[in-house]
Amino acid sequence: MPISPWKALSPDNGDHYLSFERPFRYVVEDPEHTWRRVWIPTVIACPVCAVDTGLRLAFKDGVDAVVEAACPVGHTWVEPRVDVSQWMAYCRYRAGQQEIDWLWLIEAGFGEEPPPPIDYVQEIRKGAVEVAKYGKRKVKAKVRRKIRKAKKKVGKRVRNEAMRPVAALLRTAWTMRAGGVEPVKTSRRRPAEPKTPKTPPVSAYRKAYGIQAPLKGPKCLVCEDSGRITAPGISVPCVECAGPAAAALAAAERRADRARQGKDERRTSTAK
């Protein structure tokens with residue numbers, strides 16, 4: 001019967017269908033070894049077209065008695081060389097069911113041939129060659145861009161010099177046709193926005209009109225910088241400020257700090 005290539009592998013449901021891209025091998029016991037069992041993996045091929053890649057093998061529990069095979073061309077045949085129990089164990093292995101009793105079958109070479117080993121030295125060599133070619137292409141492209149840019153600048157300068165007499169002739173003809181009026185040269189720059197006059201500060205107006213600056217009021221509005229709150233029969237120290245003596249001491253301390261830091265040298269030299 002034809003074997004469908006889209007049949008899913010399901011060992012639990014009795015469907016043992018597998019497709020192979022590489023050759024499939026079954027194992028045969030070596031008769032020359034009598035004291036221990038040695039298995040010889042043998043490749044299966046189509047008996048009609050001798051194709052050993054792209055084969056499909058199938059077995060259905062309760063329906064088939066032996067394993068059937070099919071090639072990519074469409075030839076189907078019965079494969080009695082593949083043991084049914086070994087084939088079912090291999091299908092369970094491919095389905096992810098690890099069985100310790102059947103690991104010897106995989107080690108003997110039963111199933112699809114493994115992919116060829118990777119030659120890491122050759123792969124590294126190929127990668128180095130590709131990286132070198134990529135870098136070489138990048139350098140060449142950069143050099144070509146610079147050459148094109150330089151050629152473009154030179155060509156533009158040459159064209160401008162060559163077209164200068166033509167532009168002068170056209171300008172003269174336009175002037176003669178316009179009655180001797182030179183063409184107005186328009187600027188490509190945007191006109192500058194008019195600057196709005198700055199409003200002078202209040203101190204400038206006060207200085208111009210001779211008005212004195214208003215006197216500063218007391219810093220403490222409770223005691224008016226006296227340090228005490230007084231009323232008829234009451235005289236208590238102010239709790240909102242430190243008092244004039246503390247303020248004077250703080251100011252003197254600040255002046256001393258500035259003098260130690262050298263920040264008042266300019267004022268001292270100006271006073272002298």
# chains A, B, ... in the order shown; residues from 1 in each chain; ligands from 1
>>> select_by_dssp(residues="segment 20-247 of chain A", states="strand (DSSP E or B)", output="number ranges by chain")
A: 24-29, 39-43, 56-60, 67-70, 76-79, 111-112, 228-231, 234-237
>>> select_by_dssp(residues="segment 42-213 of chain A", states="helix (DSSP H, G or I)", output="PyMOL selection string")
chain A and resi 84-94+100-108+120-177+202-209
>>> residues_around(residues="Pro80 of chain A", least_positions_apart="3", cutoff="12 Å", atoms="only C-alpha atoms", output="JSON, numbers by chain")
{"A": [26, 44, 57, 59, 64, 65, 66, 67, 68, 69, 77, 83, 84, 85, 86, 87]}
>>> closest_residue(among="A:Glu123, A:Asp61, A:Glu112, A:Asp30", to="Pro11 of chain A", atoms="only C-alpha atoms")
A:Asp61
>>> residues_around(residues="Arg228 of chain A", least_positions_apart="5", cutoff="6 Å", atoms="only C-alpha atoms", output="MDAnalysis selection string")
chainID A and resid 223 236:238
>>> closest_residue(among="A:Val63, A:Ala242, A:Ala192, A:Ala108", to="Glu224 of chain A", atoms="only C-alpha atoms")
A:Ala242
>>> residues_around(residues="Gly111 of chain A", least_positions_apart="4", cutoff="9 Å", atoms="only C-alpha atoms", output="PyMOL selection string")
chain A and resi 23-27+41+87+90+105-106
>>> write_last_selection(atoms="N, CA, C and O atoms", output="CSV table (one decimal), in the first residue's frame")
chain,number,residue,atom,x,y,z
A,23,PRO,N,20.7,8.1,4.4
A,23,PRO,CA,20.4,6.6,4.3
A,23,PRO,C,20.0,6.0,5.6
A,23,PRO,O,20.5,6.4,6.7
A,24,PHE,N,19.2,5.0,5.5
A,24,PHE,CA,18.7,4.3,6.7
A,24,PHE,C,19.5,2.9,6.8
A,24,PHE,O,19.6,2.3,5.8
A,25,ARG,N,19.9,2.5,8.0
A,25,ARG,CA,20.7,1.3,8.2
A,25,ARG,C,20.0,0.4,9.2
A,25,ARG,O,19.4,0.8,10.2
A,26,TYR,N,20.0,-0.9,8.8
A,26,TYR,CA,19.6,-1.9,9.8
A,26,TYR,C,20.8,-2.7,10.2
A,26,TYR,O,21.8,-2.6,9.5
A,27,VAL,N,20.7,-3.4,11.3
A,27,VAL,CA,21.9,-4.1,11.8
A,27,VAL,C,21.8,-5.6,11.6
A,27,VAL,O,20.7,-6.2,11.7
A,41,PRO,N,26.1,-2.5,10.6
A,41,PRO,CA,25.0,-1.7,10.0
A,41,PRO,C,25.1,-1.8,8.5
A,41,PRO,O,26.1,-1.7,7.8
A,87,TRP,N,12.4,-1.9,14.9
A,87,TRP,CA,11.9,-0.7,14.3
A,87,TRP,C,10.9,0.0,15.3
A,87,TRP,O,11.0,1.2,15.4
A,90,TYR,N,13.1,1.8,17.8
A,90,TYR,CA,13.7,3.0,17.2
A,90,TYR,C,12.7,4.1,17.1
A,90,TYR,O,13.0,5.3,17.3
A,105,LEU,N,20.9,-0.8,20.6
A,105,LEU,CA,20.5,-0.8,19.2
A,105,LEU,C,21.0,0.5,18.5
A,105,LEU,O,21.5,0.5,17.4
A,106,ILE,N,20.8,1.6,19.2
A,106,ILE,CA,21.3,2.9,18.7
A,106,ILE,C,22.8,2.9,18.6
A,106,ILE,O,23.4,3.4,17.6
>>> closest_residue(among="A:Trp104, A:Tyr93, A:Tyr120, A:Trp174", to="Leu18 of chain A", atoms="only C-alpha atoms")
A:Tyr93
